[in-house]
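So this one's input_38.pdb, PDB, C-alpha atoms:
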ATOM      1  CA  MET A   1      22.623   1.601  22.548
ATOM      2  CA  ARG A   2      19.094   0.172  22.260
ATOM      3  CA  ILE A   3      17.277   0.831  18.976
ATOM      4  CA  GLY A   4      13.769   0.078  17.718
ATOM      5  CA  TYR A   5      13.099  -0.287  14.000
ATOM      6  CA  TYR A   6       9.643  -0.381  12.365
ATOM      7  CA  VAL A   7       9.350  -1.913   8.865
ATOM      8  CA  HIS A   8       6.340  -1.215   6.661
ATOM      9  CA  HIS A   9       4.750  -4.354   5.209
ATOM     10  CA  HIS A  10       3.997  -3.098   1.677
ATOM     11  CA  GLY A  11       6.476  -4.672  -0.749
ATOM     12  CA  ALA A  12       9.880  -6.130   0.086
ATOM     13  CA  GLY A  13      11.943  -2.962  -0.287
ATOM     14  CA  HIS A  14      11.538  -1.677   3.287
ATOM     15  CA  ARG A  15      12.485  -5.075   4.694
ATOM     16  CA  VAL A  16      15.578  -5.429   2.488
ATOM     17  CA  ARG A  17      16.789  -1.964   3.446
ATOM     18  CA  ALA A  18      16.127  -2.632   7.130
ATOM     19  CA  HIS A  19      18.205  -5.807   7.000
ATOM     20  CA  GLY A  20      21.243  -3.901   5.730
ATOM     21  CA  ILE A  21      20.940  -1.052   8.218
ATOM     22  CA  CYS A  22      20.213  -3.306  11.190
ATOM     23  CA  THR A  23      23.160  -5.548  10.329
ATOM     24  CA  ALA A  24      25.419  -2.482  10.352
ATOM     25  CA  LEU A  25      23.982  -1.270  13.660
ATOM     26  CA  ARG A  26      24.461  -4.655  15.330
ATOM     27  CA  ALA A  27      28.018  -4.844  14.019
ATOM     28  CA  ARG A  28      28.626  -1.568  15.852
ATOM     29  CA  GLY A  29      27.510  -3.186  19.107
ATOM     30  CA  HIS A  30      23.921  -1.937  19.296
ATOM     31  CA  GLU A  31      20.847  -3.902  20.333
ATOM     32  CA  VAL A  32      18.156  -3.648  17.624
ATOM     33  CA  ALA A  33      14.549  -4.834  17.796
ATOM     34  CA  VAL A  34      12.705  -4.954  14.474
ATOM     35  CA  PHE A  35       8.919  -4.631  14.283
ATOM     36  CA  GLY A  36       6.820  -5.506  11.225
ATOM     37  CA  SER A  37       4.102  -7.691   9.746
ATOM     38  CA  ASN A  38       6.192  -9.549   7.162
ATOM     39  CA  LEU A  39       9.506 -10.299   8.813
ATOM     40  CA  ASP A  40      11.714 -13.102   7.457
ATOM     41  CA  SER A  41      12.920 -14.587  10.738
ATOM     42  CA  ALA A  42      15.028 -11.464  11.251
ATOM     43  CA  ALA A  43      17.236 -11.444  14.324
ATOM     44  CA  ASP A  44      15.209 -10.080  17.241
ATOM     45  CA  GLY A  45      12.206  -9.647  14.938
ATOM     46  CA  ARG A  46       8.933  -8.724  16.647
ATOM     47  CA  PRO A  47       5.983  -9.765  14.423
ATOM     48  CA  LEU A  48       2.986  -7.458  14.396
ATOM     49  CA  PRO A  49      -0.635  -8.399  13.616
ATOM     50  CA  ARG A  50      -2.192  -7.061  10.434
ATOM     51  CA  ASP A  51      -4.079  -3.801  10.614
ATOM     52  CA  ASN A  52      -5.894  -4.090   7.266
ATOM     53  CA  ASP A  53      -7.673  -7.429   7.478
ATOM     54  CA  GLY A  54     -11.454  -7.633   7.398
ATOM     55  CA  ASP A  55     -13.690  -5.621   5.102
ATOM     56  CA  PHE A  56     -14.767  -2.692   7.241
ATOM     57  CA  TRP A  57     -12.663   0.203   8.486
ATOM     58  CA  ARG A  58     -14.191   3.287  10.082
ATOM     59  CA  ASP A  59     -12.512   6.684   9.732
ATOM     60  CA  ALA A  60      -9.180   5.045   8.872
ATOM     61  CA  THR A  61      -7.496   8.397   8.124
ATOM     62  CA  ALA A  62      -8.780  10.338  11.179
ATOM     63  CA  ASP A  63     -10.332  12.922   8.886
ATOM     64  CA  GLY A  64      -7.186  13.124   6.745
ATOM     65  CA  GLN A  65      -4.642  13.481   9.558
ATOM     66  CA  PHE A  66      -3.280   9.923   9.324
ATOM     67  CA  HIS A  67      -2.731   7.448   6.505
ATOM     68  CA  TRP A  68      -4.085   4.414   8.364
ATOM     69  CA  ALA A  69      -5.558   4.390  11.865
ATOM     70  CA  PRO A  70      -8.936   2.617  11.664
ATOM     71  CA  LEU A  71     -11.262   2.969  14.621
ATOM     72  CA  GLN A  72     -12.090  -0.108  16.678
ATOM     73  CA  HIS A  73      -9.742  -2.400  14.728
ATOM     74  CA  ALA A  74      -8.222  -5.016  17.041
ATOM     75  CA  GLY A  75      -5.186  -5.671  14.855
ATOM     76  CA  PHE A  76      -4.253  -1.996  14.626
ATOM     77  CA  ARG A  77      -4.686  -1.509  18.371
ATOM     78  CA  HIS A  78      -2.654  -4.628  19.166
ATOM     79  CA  ARG A  79       0.282  -3.753  16.889
ATOM     80  CA  MET A  80       0.556  -0.280  18.392
ATOM     81  CA  ALA A  81       0.341  -1.764  21.896
ATOM     82  CA  ILE A  82       3.210  -4.181  21.146
ATOM     83  CA  ILE A  83       5.473  -1.298  20.126
ATOM     84  CA  ALA A  84       4.371   0.897  23.050
ATOM     85  CA  GLU A  85       4.932  -1.871  25.597
ATOM     86  CA  TRP A  86       8.422  -2.551  24.212
ATOM     87  CA  ILE A  87       9.298   1.151  24.433
ATOM     88  CA  ALA A  88       8.023   1.333  28.017
ATOM     89  CA  SER A  89       9.976  -1.736  29.129
ATOM     90  CA  HIS A  90      13.176  -1.305  27.098
ATOM     91  CA  GLN A  91      13.512   2.511  26.989
ATOM     92  CA  PRO A  92      15.196   2.753  23.562
ATOM     93  CA  ASP A  93      17.675   5.509  22.752
ATOM     94  CA  VAL A  94      16.196   6.031  19.272
ATOM     95  CA  PHE A  95      13.530   4.531  17.023
ATOM     96  CA  VAL A  96      13.722   4.213  13.226
ATOM     97  CA  VAL A  97      10.469   4.271  11.244
ATOM     98  CA  ASP A  98      10.350   3.011   7.631
ATOM     99  CA  VAL A  99       7.660   4.104   7.253
ATOM    100  CA  SER A 100       4.454   5.033   9.154
ATOM    101  CA  VAL A 101       3.239   8.399  10.371
ATOM    102  CA  GLU A 102       1.104   6.629  12.977
ATOM    103  CA  VAL A 103       4.087   4.816  14.500
ATOM    104  CA  THR A 104       6.161   8.002  14.254
ATOM    105  CA  THR A 105       3.500   9.944  16.161
ATOM    106  CA  MET A 106       3.160   7.368  18.934
ATOM    107  CA  VAL A 107       6.917   6.891  19.401
ATOM    108  CA  ARG A 108       7.594  10.630  19.563
ATOM    109  CA  ALA A 109       4.670  11.106  21.969
ATOM    110  CA  MET A 110       6.398   8.586  24.243
ATOM    111  CA  GLY A 111       9.481  10.794  24.313
ATOM    112  CA  VAL A 112      11.758   8.801  22.010
ATOM    113  CA  PRO A 113      13.769  10.441  19.172
ATOM    114  CA  VAL A 114      12.532   9.236  15.778
ATOM    115  CA  VAL A 115      14.507   8.762  12.570
ATOM    116  CA  VAL A 116      12.073   8.729   9.657
ATOM    117  CA  ILE A 117      13.187   7.116   6.396
ATOM    118  CA  ALA A 118      12.279   9.425   3.498
ATOM    119  CA  GLN A 119      10.330   8.289   0.463
ATOM    120  CA  PRO A 120      10.351   9.874  -3.008
ATOM    121  CA  GLY A 121       7.221  11.275  -4.608
ATOM    122  CA  ASP A 122       4.496  13.773  -3.752
ATOM    123  CA  ARG A 123       4.622  13.819   0.044
ATOM    124  CA  ASP A 124       3.086  17.181   0.900
ATOM    125  CA  ASP A 125      -0.156  15.777   2.341
ATOM    126  CA  ALA A 126      -1.016  16.397   6.003
ATOM    127  CA  PRO A 127       0.072  12.963   7.346
ATOM    128  CA  HIS A 128       3.489  13.077   5.694
ATOM    129  CA  LEU A 129       4.115  16.625   6.902
ATOM    130  CA  LEU A 130       3.109  15.580  10.427
ATOM    131  CA  GLY A 131       5.651  12.769  10.327
ATOM    132  CA  TYR A 132       8.389  15.078   9.045
ATOM    133  CA  ASN A 133       7.565  17.668  11.711
ATOM    134  CA  LEU A 134       7.849  15.072  14.482
ATOM    135  CA  ALA A 135      11.042  13.430  13.194
ATOM    136  CA  SER A 136      14.309  14.237  14.912
ATOM    137  CA  THR A 137      16.099  13.249  11.703
ATOM    138  CA  ILE A 138      14.934  12.393   8.193
ATOM    139  CA  LEU A 139      17.210   9.841   6.540
ATOM    140  CA  ALA A 140      17.202   9.886   2.730
ATOM    141  CA  ALA A 141      18.604   6.829   0.930
ATOM    142  CA  TRP A 142      19.784   8.822  -2.075
ATOM    143  CA  PRO A 143      22.593  11.335  -2.653
ATOM    144  CA  ALA A 144      22.304  14.952  -1.573
ATOM    145  CA  GLU A 145      22.283  16.022  -5.225
ATOM    146  CA  ALA A 146      19.010  14.192  -5.860
ATOM    147  CA  GLU A 147      15.640  15.779  -5.094
ATOM    148  CA  PRO A 148      12.973  13.118  -5.651
ATOM    149  CA  CYS A 149      10.749  14.527  -2.883
ATOM    150  CA  ALA A 150      10.065  18.267  -3.094
ATOM    151  CA  ALA A 151       8.281  18.310   0.273
ATOM    152  CA  LEU A 152      11.590  17.707   2.048
ATOM    153  CA  ALA A 153      12.954  21.125   1.062
ATOM    154  CA  LYS A 154      11.133  22.655   4.029
ATOM    155  CA  TYR A 155      12.954  20.251   6.364
ATOM    156  CA  ALA A 156      16.444  20.613   4.894
ATOM    157  CA  SER A 157      17.998  21.240   8.314
ATOM    158  CA  LYS A 158      17.178  17.709   9.467
ATOM    159  CA  VAL A 159      17.399  15.754   6.217
ATOM    160  CA  VAL A 160      20.553  13.660   5.888
ATOM    161  CA  ALA A 161      21.184  11.996   2.518
ATOM    162  CA  VAL A 162      23.403   8.925   2.844
ATOM    163  CA  GLY A 163      23.354   7.643  -0.757
ATOM    164  CA  GLY A 164      21.668   4.605  -2.236
ATOM    165  CA  ILE A 165      21.495   1.577   0.068
ATOM    166  CA  SER A 166      22.258  -1.620  -1.824
ATOM    167  CA  ARG A 167      22.888  -5.198  -0.745
ATOM    168  CA  PHE A 168      25.727  -5.367  -3.271
ATOM    169  CA  THR A 169      29.238  -4.055  -2.820
ATOM    170  CA  ASP A 170      30.455  -1.613  -5.427
ATOM    171  CA  HIS A 171      32.325  -2.777  -8.476
ATOM    172  CA  SER A 172      32.780  -1.209 -11.884
ATOM    173  CA  GLN A 173      33.363  -4.255 -14.073
ATOM    174  CA  ARG A 174      31.065  -4.181 -17.089
ATOM    175  CA  ASP A 175      31.463  -7.780 -18.240
ATOM    176  CA  GLY A 176      27.895  -8.981 -17.716
ATOM    177  CA  ASP A 177      26.012 -10.867 -20.397
ATOM    178  CA  ARG A 178      22.411 -10.742 -19.115
ATOM    179  CA  LEU A 179      19.688  -8.402 -20.368
ATOM    180  CA  LEU A 180      16.966  -8.094 -17.731
ATOM    181  CA  LEU A 181      13.415  -6.747 -17.802
ATOM    182  CA  MET A 182      12.230  -6.271 -14.235
ATOM    183  CA  GLY A 183       8.786  -5.155 -13.175
ATOM    184  CA  ARG A 184       5.560  -6.557 -11.818
ATOM    185  CA  ASP A 185       3.355  -4.645 -14.288
ATOM    186  CA  GLN A 186       3.771  -3.685 -17.919
ATOM    187  CA  PRO A 187       2.895  -0.030 -18.516
ATOM    188  CA  GLU A 188      -0.189   0.791 -20.509
ATOM    189  CA  GLY A 189       0.446   1.014 -24.230
ATOM    190  CA  LEU A 190       3.459  -1.312 -24.209
ATOM    191  CA  ASP A 191       1.723  -4.482 -25.371
ATOM    192  CA  ASP A 192       4.627  -6.890 -25.737
ATOM    193  CA  LEU A 193       7.678  -5.233 -24.293
ATOM    194  CA  PRO A 194       9.950  -8.336 -24.273
ATOM    195  CA  HIS A 195       9.365  -8.752 -28.020
ATOM    196  CA  THR A 196      10.036  -5.051 -28.663
ATOM    197  CA  LEU A 197      13.246  -5.194 -26.641
ATOM    198  CA  SER A 198      14.464  -8.320 -28.408
ATOM    199  CA  ILE A 199      14.120  -6.485 -31.732
ATOM    200  CA  ALA A 200      15.693  -3.283 -30.417
ATOM    201  CA  VAL A 201      18.790  -4.996 -29.004
ATOM    202  CA  GLU A 202      18.666  -8.240 -30.995
ATOM    203  CA  ALA A 203      19.221 -10.433 -27.959
ATOM    204  CA  THR A 204      17.340 -12.668 -25.548
ATOM    205  CA  TRP A 205      15.840 -10.948 -22.532
ATOM    206  CA  THR A 206      15.108 -12.439 -19.118
ATOM    207  CA  THR A 207      11.875 -11.214 -17.542
ATOM    208  CA  LEU A 208      11.673 -10.913 -13.756
ATOM    209  CA  GLY A 209       8.694 -10.022 -11.591
ATOM    210  CA  GLY A 210       5.095 -11.094 -11.146
ATOM    211  CA  ASP A 211       4.624 -14.530 -12.703
ATOM    212  CA  HIS A 212       8.260 -14.554 -13.847
ATOM    213  CA  TRP A 213       9.993 -14.268 -10.477
ATOM    214  CA  ARG A 214      13.096 -16.391  -9.899
ATOM    215  CA  ASP A 215      15.201 -17.386  -6.928
ATOM    216  CA  ASP A 216      18.485 -16.378  -8.580
ATOM    217  CA  VAL A 217      17.714 -12.671  -8.944
ATOM    218  CA  ASP A 218      20.899 -11.590  -7.158
ATOM    219  CA  ASP A 219      23.068 -13.663  -9.488
ATOM    220  CA  LEU A 220      21.236 -12.337 -12.546
ATOM    221  CA  LEU A 221      21.709  -8.744 -11.412
ATOM    222  CA  GLN A 222      25.405  -9.294 -10.751
ATOM    223  CA  HIS A 223      25.843 -10.534 -14.307
ATOM    224  CA  ALA A 224      23.561  -8.009 -16.001
ATOM    225  CA  ARG A 225      24.735  -6.050 -18.999
ATOM    226  CA  LEU A 226      21.579  -3.965 -19.143
ATOM    227  CA  LEU A 227      18.521  -3.471 -16.954
ATOM    228  CA  VAL A 228      15.072  -2.214 -17.920
ATOM    229  CA  ALA A 229      13.312  -1.905 -14.597
ATOM    230  CA  HIS A 230      10.940  -0.164 -12.253
ATOM    231  CA  THR A 231      12.506   2.595 -10.193
ATOM    232  CA  GLY A 232      12.013   1.432  -6.636
ATOM    233  CA  GLN A 233      14.797   2.666  -4.364
ATOM    234  CA  ASN A 234      16.443  -0.743  -3.927
ATOM    235  CA  VAL A 235      16.573  -1.547  -7.640
ATOM    236  CA  VAL A 236      18.077   1.866  -8.378
ATOM    237  CA  ALA A 237      20.678   1.413  -5.638
ATOM    238  CA  ASP A 238      21.543  -2.093  -6.874
ATOM    239  CA  ALA A 239      21.972  -0.847 -10.448
ATOM    240  CA  ALA A 240      24.190   1.959  -9.180
ATOM    241  CA  ALA A 241      26.339  -0.319  -7.004
ATOM    242  CA  LEU A 242      26.812  -2.803  -9.841
ATOM    243  CA  ARG A 243      27.250  -0.046 -12.461
ATOM    244  CA  VAL A 244      24.534  -1.599 -14.649
ATOM    245  CA  PRO A 245      22.974   0.629 -17.349
ATOM    246  CA  LEU A 246      19.348   1.308 -16.445
ATOM    247  CA  VAL A 247      16.343   2.220 -18.562
ATOM    248  CA  CYS A 248      13.704   3.485 -16.117
ATOM    249  CA  LEU A 249      10.264   1.946 -16.413
ATOM    250  CA  PRO A 250       8.433   3.506 -13.446
ATOM    251  CA  GLN A 251       5.349   1.680 -12.230
ATOM    252  CA  GLN A 252       2.194   3.074 -10.681
ATOM    253  CA  ARG A 253       2.745   3.474  -6.947
ATOM    254  CA  PRO A 254       1.274   5.714  -4.245
ATOM    255  CA  HIS A 255       2.365   9.346  -4.464
ATOM    256  CA  ASP A 256       4.003   8.714  -7.876
ATOM    257  CA  GLU A 257       7.200   7.770  -6.071
ATOM    258  CA  GLN A 258       8.716   5.833  -8.969
ATOM    259  CA  VAL A 259       7.887   8.559 -11.481
ATOM    260  CA  HIS A 260       9.703  11.146  -9.358
ATOM    261  CA  MET A 261      12.698   8.854  -8.921
ATOM    262  CA  ALA A 262      12.920   8.193 -12.657
ATOM    263  CA  ARG A 263      12.801  11.914 -13.416
ATOM    264  CA  GLU A 264      15.658  12.579 -10.999
ATOM    265  CA  LEU A 265      17.795   9.848 -12.531
ATOM    266  CA  ASP A 266      17.188  11.389 -15.927
ATOM    267  CA  ARG A 267      17.917  14.915 -14.660
ATOM    268  CA  LEU A 268      21.195  13.766 -13.112
ATOM    269  CA  GLN A 269      21.995  11.872 -16.333
ATOM    270  CA  LEU A 270      22.487   8.551 -14.566
ATOM    271  CA  ALA A 271      19.839   6.527 -16.397
ATOM    272  CA  ALA A 272      17.477   6.810 -19.361
ATOM    273  CA  LEU A 273      13.701   7.115 -19.371
ATOM    274  CA  ALA A 274      11.758   4.396 -21.160
ATOM    275  CA  PRO A 275       9.913   5.570 -24.288
ATOM    276  CA  ASP A 276       6.122   5.315 -24.239
ATOM    277  CA  THR A 277       6.019   3.485 -27.544
ATOM    278  CA  ASN A 278       6.522   0.021 -29.020
ATOM    279  CA  ASP A 279       8.915   1.435 -31.612
ATOM    280  CA  PRO A 280      12.157  -0.638 -31.430
ATOM    281  CA  ALA A 281      14.184   2.325 -32.728
ATOM    282  CA  ALA A 282      13.077   4.470 -29.770
ATOM    283  CA  TRP A 283      14.006   1.700 -27.362
ATOM    284  CA  ARG A 284      17.360   1.267 -29.077
ATOM    285  CA  ARG A 285      18.103   4.960 -28.472
ATOM    286  CA  ALA A 286      17.066   4.650 -24.817
ATOM    287  CA  VAL A 287      19.349   1.635 -24.357
ATOM    288  CA  GLU A 288      22.275   3.487 -25.925
ATOM    289  CA  LEU A 289      21.674   6.500 -23.674
ATOM    290  CA  ALA A 290      21.489   4.297 -20.569
ATOM    291  CA  ASP A 291      24.783   2.678 -21.531
ATOM    292  CA  GLN A 292      26.464   6.067 -21.886
ATOM    293  CA  ARG A 293      25.113   7.355 -18.591
ATOM    294  CA  ALA A 294      26.016   4.310 -16.502
ATOM    295  CA  THR A 295      29.562   5.618 -16.150
ATOM    296  CA  GLY A 296      28.164   8.224 -13.739
ATOM    297  CA  TRP A 297      26.596   5.757 -11.282
ATOM    298  CA  GLY A 298      29.248   6.607  -8.691
ATOM    299  CA  GLN A 299      27.278   9.807  -8.047
ATOM    300  CA  TRP A 300      24.578   7.698  -6.338
ATOM    301  CA  HIS A 301      27.111   7.120  -3.527
ATOM    302  CA  THR A 302      26.209   3.529  -2.661
ATOM    303  CA  GLU A 303      29.653   2.754  -1.286
ATOM    304  CA  GLY A 304      29.520   3.130   2.489
ATOM    305  CA  ALA A 305      25.846   4.188   2.492
ATOM    306  CA  VAL A 306      24.779   1.598   5.058
ATOM    307  CA  GLU A 307      27.506   2.696   7.468
ATOM    308  CA  ARG A 308      26.530   6.329   6.973
ATOM    309  CA  ALA A 309      22.915   5.399   7.752
ATOM    310  CA  ALA A 310      24.034   3.721  10.977
ATOM    311  CA  GLU A 311      25.973   6.855  11.937
ATOM    312  CA  VAL A 312      22.917   9.053  11.295
ATOM    313  CA  ILE A 313      20.841   6.879  13.631
ATOM    314  CA  GLU A 314      23.546   7.035  16.315
ATOM    315  CA  ASP A 315      23.719  10.813  15.998
ATOM    316  CA  ALA A 316      19.942  11.097  16.364
ATOM    317  CA  ALA A 317      20.133   9.158  19.631
ATOM    318  CA  HIS A 318      22.796  11.528  20.918
ATOM    319  CA  GLY A 319      20.741  14.579  19.978
TER
END
Go ahead and express the file in the form of structure tokens.
Amino acid sequence: MRIGYYVHHHGAGHRVRAHGICTALRARGHEVAVFGSNLDSAADGRPLPRDNDGDFWRDATADGQFHWAPLQHAGFRHRMAIIAEWIASHQPDVFVVDVSVEVTTMVRAMGVPVVVIAQPGDRDDAPHLLGYNLASTILAAWPAEAEPCAALAKYASKVVAVGGISRFTDHSQRDGDRLLLMGRDQPEGLDDLPHTLSIAVEATWTTLGGDHWRDDVDDLLQHARLLVAHTGQNVVADAAALRVPLVCLPQQRPHDEQVHMARELDRLQLAALAPDTNDPAAWRRAVELADQRATGWGQWHTEGAVERAAEVIEDAAHG
């Protein structure tokens, strides 16, 4: 089977998830071509030119029908042409889009089944609904019990939830000794969160993200006793796979995606919400609640999620 896979360039999460899914697809004997602007020498990676360089974009949303399709932009035209030419010459069985309504529209217009990767948050705007309407299958990287995107309810017949996709294998040992604070931005009103946390838990915290990024993040996560972190899909899946207690510190992202994810984790009693105060006592209570709830992380169904995602893509190709 021949498969195309588009990876959005904003953040590293789409690329990390694509690596896991594409590895599983190739292990099943499929040929996969990956398209994106920020690819890390991925096998069969097809680099695309930027579509947001320069300082002038005319009617980039096509009067609200797209998210990003600027008129007369050479980079945008070229990247779409690269994908279209590959489809014409290679005739793929299915194309995965994570995530772009513009790519989804073009691929489907060329007669190729599209698997759209779902995102949490408020996604009931016209472009998102167009993408969902055109998708043959909508793949959600969270468990069926979670509902972090209300707009998907209308498309329940073609939404397949595979569980959280993590780069870690599941294990339930809780013998870590690291306390980690992960996030690029500190929320408003929390002036010195590391200091507050050190008082609340009376321990030394390691800060990751922004100016504090480190190369040994995977090792730190695997030895974490507690995680206070943003609620991007990959971080949540990693915490679930490693059974690490999580205090959710959602950051400002488009469509409030991290806020919606944090609320679902709280509703399912898998993690705790961060307090909006510098009061160490409030943080101590949140940490205790996160520790209690971590025993339920198995409900995020990370074990086997990548293989289930590969099966969903195969099924979409077969109709």
Please evaluate the PyMOL selection byres ((chain A and resi 71-82) around 12) against the displayed coordinates and give the resulting residues as a ChimeraX atom specification. /A:4,6,33-37,46-63,66,68-70,83-90,100,102-107
> Which neighbours of Tyr5 (chain A) fall inside 12 Å, counting all atoms listed in the file, when residues of the same chain fewer than 3 positions from it are skipped, and could you give them as a ChimeraX atom specification?
Replying inline: /A:2,8,14-15,17-19,21-23,25,31-36,39,42-47,83,86-87,92-100,103-104,107,113-117,313
Exercise for the section: Would you list the contacts of region 131-148 of chain A as number ranges by chain, taking every protein, DNA or RNA residue within 8 Å and counting all atoms listed in the file, but skipping same-chain residues closer than 5 positions in sequence? Expected result: A: 100-101, 104-105, 108, 113-121, 155, 158-165, 233, 257, 260-261, 263-264, 268, 299-301, 305, 309, 312, 316
Run the PyMOL selection byres ((chain A and resi 200-204) around 9) on the file and write out the hits as a PyMOL selection string.
chain A and resi 178-179+194-199+205-206+279-285+287
Please save C-alpha atoms of the selected residues as a short mmCIF file (atom, residue, chain, number, x, y, z; two decimals), keeping the file's coordinate frame.
data_model
loop_
_atom_site.label_atom_id
_atom_site.label_comp_id
_atom_site.auth_asym_id
_atom_site.auth_seq_id
_atom_site.Cartn_x
_atom_site.Cartn_y
_atom_site.Cartn_z
CA ARG A 178 22.41 -10.74 -19.11
CA LEU A 179 19.69 -8.40 -20.37
CA PRO A 194 9.95 -8.34 -24.27
CA HIS A 195 9.36 -8.75 -28.02
CA THR A 196 10.04 -5.05 -28.66
CA LEU A 197 13.25 -5.19 -26.64
CA SER A 198 14.46 -8.32 -28.41
CA ILE A 199 14.12 -6.48 -31.73
CA TRP A 205 15.84 -10.95 -22.53
CA THR A 206 15.11 -12.44 -19.12
CA ASP A 279 8.91 1.44 -31.61
CA PRO A 280 12.16 -0.64 -31.43
CA ALA A 281 14.18 2.33 -32.73
CA ALA A 282 13.08 4.47 -29.77
CA TRP A 283 14.01 1.70 -27.36
CA ARG A 284 17.36 1.27 -29.08
CA ARG A 285 18.10 4.96 -28.47
CA VAL A 287 19.35 1.64 -24.36
#
Between CA of Leu265 (chain A) and CA of Gln252 (chain A) lies a distance of 17.1 Å
Taken to one decimal, the CA of Cys149 (chain A)-CA of Pro245 (chain A) distance is 23.5 Å
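The spacing separating CA of Gly183 (chain A) from CA of Asp291 (chain A) amounts to 19.7 Å.
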Using the chain letters and numbers from the file, which residues does the PyMOL selection byres ((chain A and resi 298) around 10) grab, as a compact mmCIF listing (two decimals) with C-alpha atoms, keeping the file's coordinate frame?
# COMPACT_ATOMS: atom_id res chain seq x y z
CA GLY A 163 23.35 7.64 -0.76
CA ASP A 170 30.46 -1.61 -5.43
CA HIS A 171 32.33 -2.78 -8.48
CA SER A 172 32.78 -1.21 -11.88
CA ALA A 240 24.19 1.96 -9.18
CA ALA A 241 26.34 -0.32 -7.00
CA LEU A 242 26.81 -2.80 -9.84
CA ARG A 243 27.25 -0.05 -12.46
CA LEU A 270 22.49 8.55 -14.57
CA ALA A 294 26.02 4.31 -16.50
CA THR A 295 29.56 5.62 -16.15
CA GLY A 296 28.16 8.22 -13.74
CA TRP A 297 26.60 5.76 -11.28
CA GLN A 299 27.28 9.81 -8.05
CA TRP A 300 24.58 7.70 -6.34
CA HIS A 301 27.11 7.12 -3.53
CA THR A 302 26.21 3.53 -2.66
CA GLU A 303 29.65 2.75 -1.29
Would you mind telling me which residue in A:His223, A:Arg123, A:His212, A:His128 lies nearest to Asp256 (chain A) when using only C-alpha atoms?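 With only C-alpha atoms as the atom set, the closest residue is A:Arg123.
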Please identify all polymer residues within 8 Å of Leu180 (chain A), counting all atoms listed in the file, omitting same-chain residues fewer than 5 positions from it, and present them as a VMD selection string. chain A and resid 205 to 208 220 to 221 224 226 to 229
Emit the selected residues as a compact mmCIF listing (two decimals), in the coordinates of the input, including C-alpha atoms.
# COMPACT_ATOMS: atom_id res chain seq x y z
CA TRP A 205 15.84 -10.95 -22.53
CA THR A 206 15.11 -12.44 -19.12
CA THR A 207 11.88 -11.21 -17.54
CA LEU A 208 11.67 -10.91 -13.76
CA LEU A 220 21.24 -12.34 -12.55
CA LEU A 221 21.71 -8.74 -11.41
CA ALA A 224 23.56 -8.01 -16.00
CA LEU A 226 21.58 -3.96 -19.14
CA LEU A 227 18.52 -3.47 -16.95
CA VAL A 228 15.07 -2.21 -17.92
CA ALA A 229 13.31 -1.90 -14.60
Exercise for the section: For each of A:Leu190, A:Val244, A:Ala237, A:Leu273, take the minimum atom-to-atom distance to Val306 (chain A), counting all atoms listed in the file, then give the residue where this is smallest. Expected result: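 Of A:Leu190, A:Val244, A:Ala237, A:Leu273, the one nearest Val306 (chain A), counting all atoms listed in the file, is A:Ala237.
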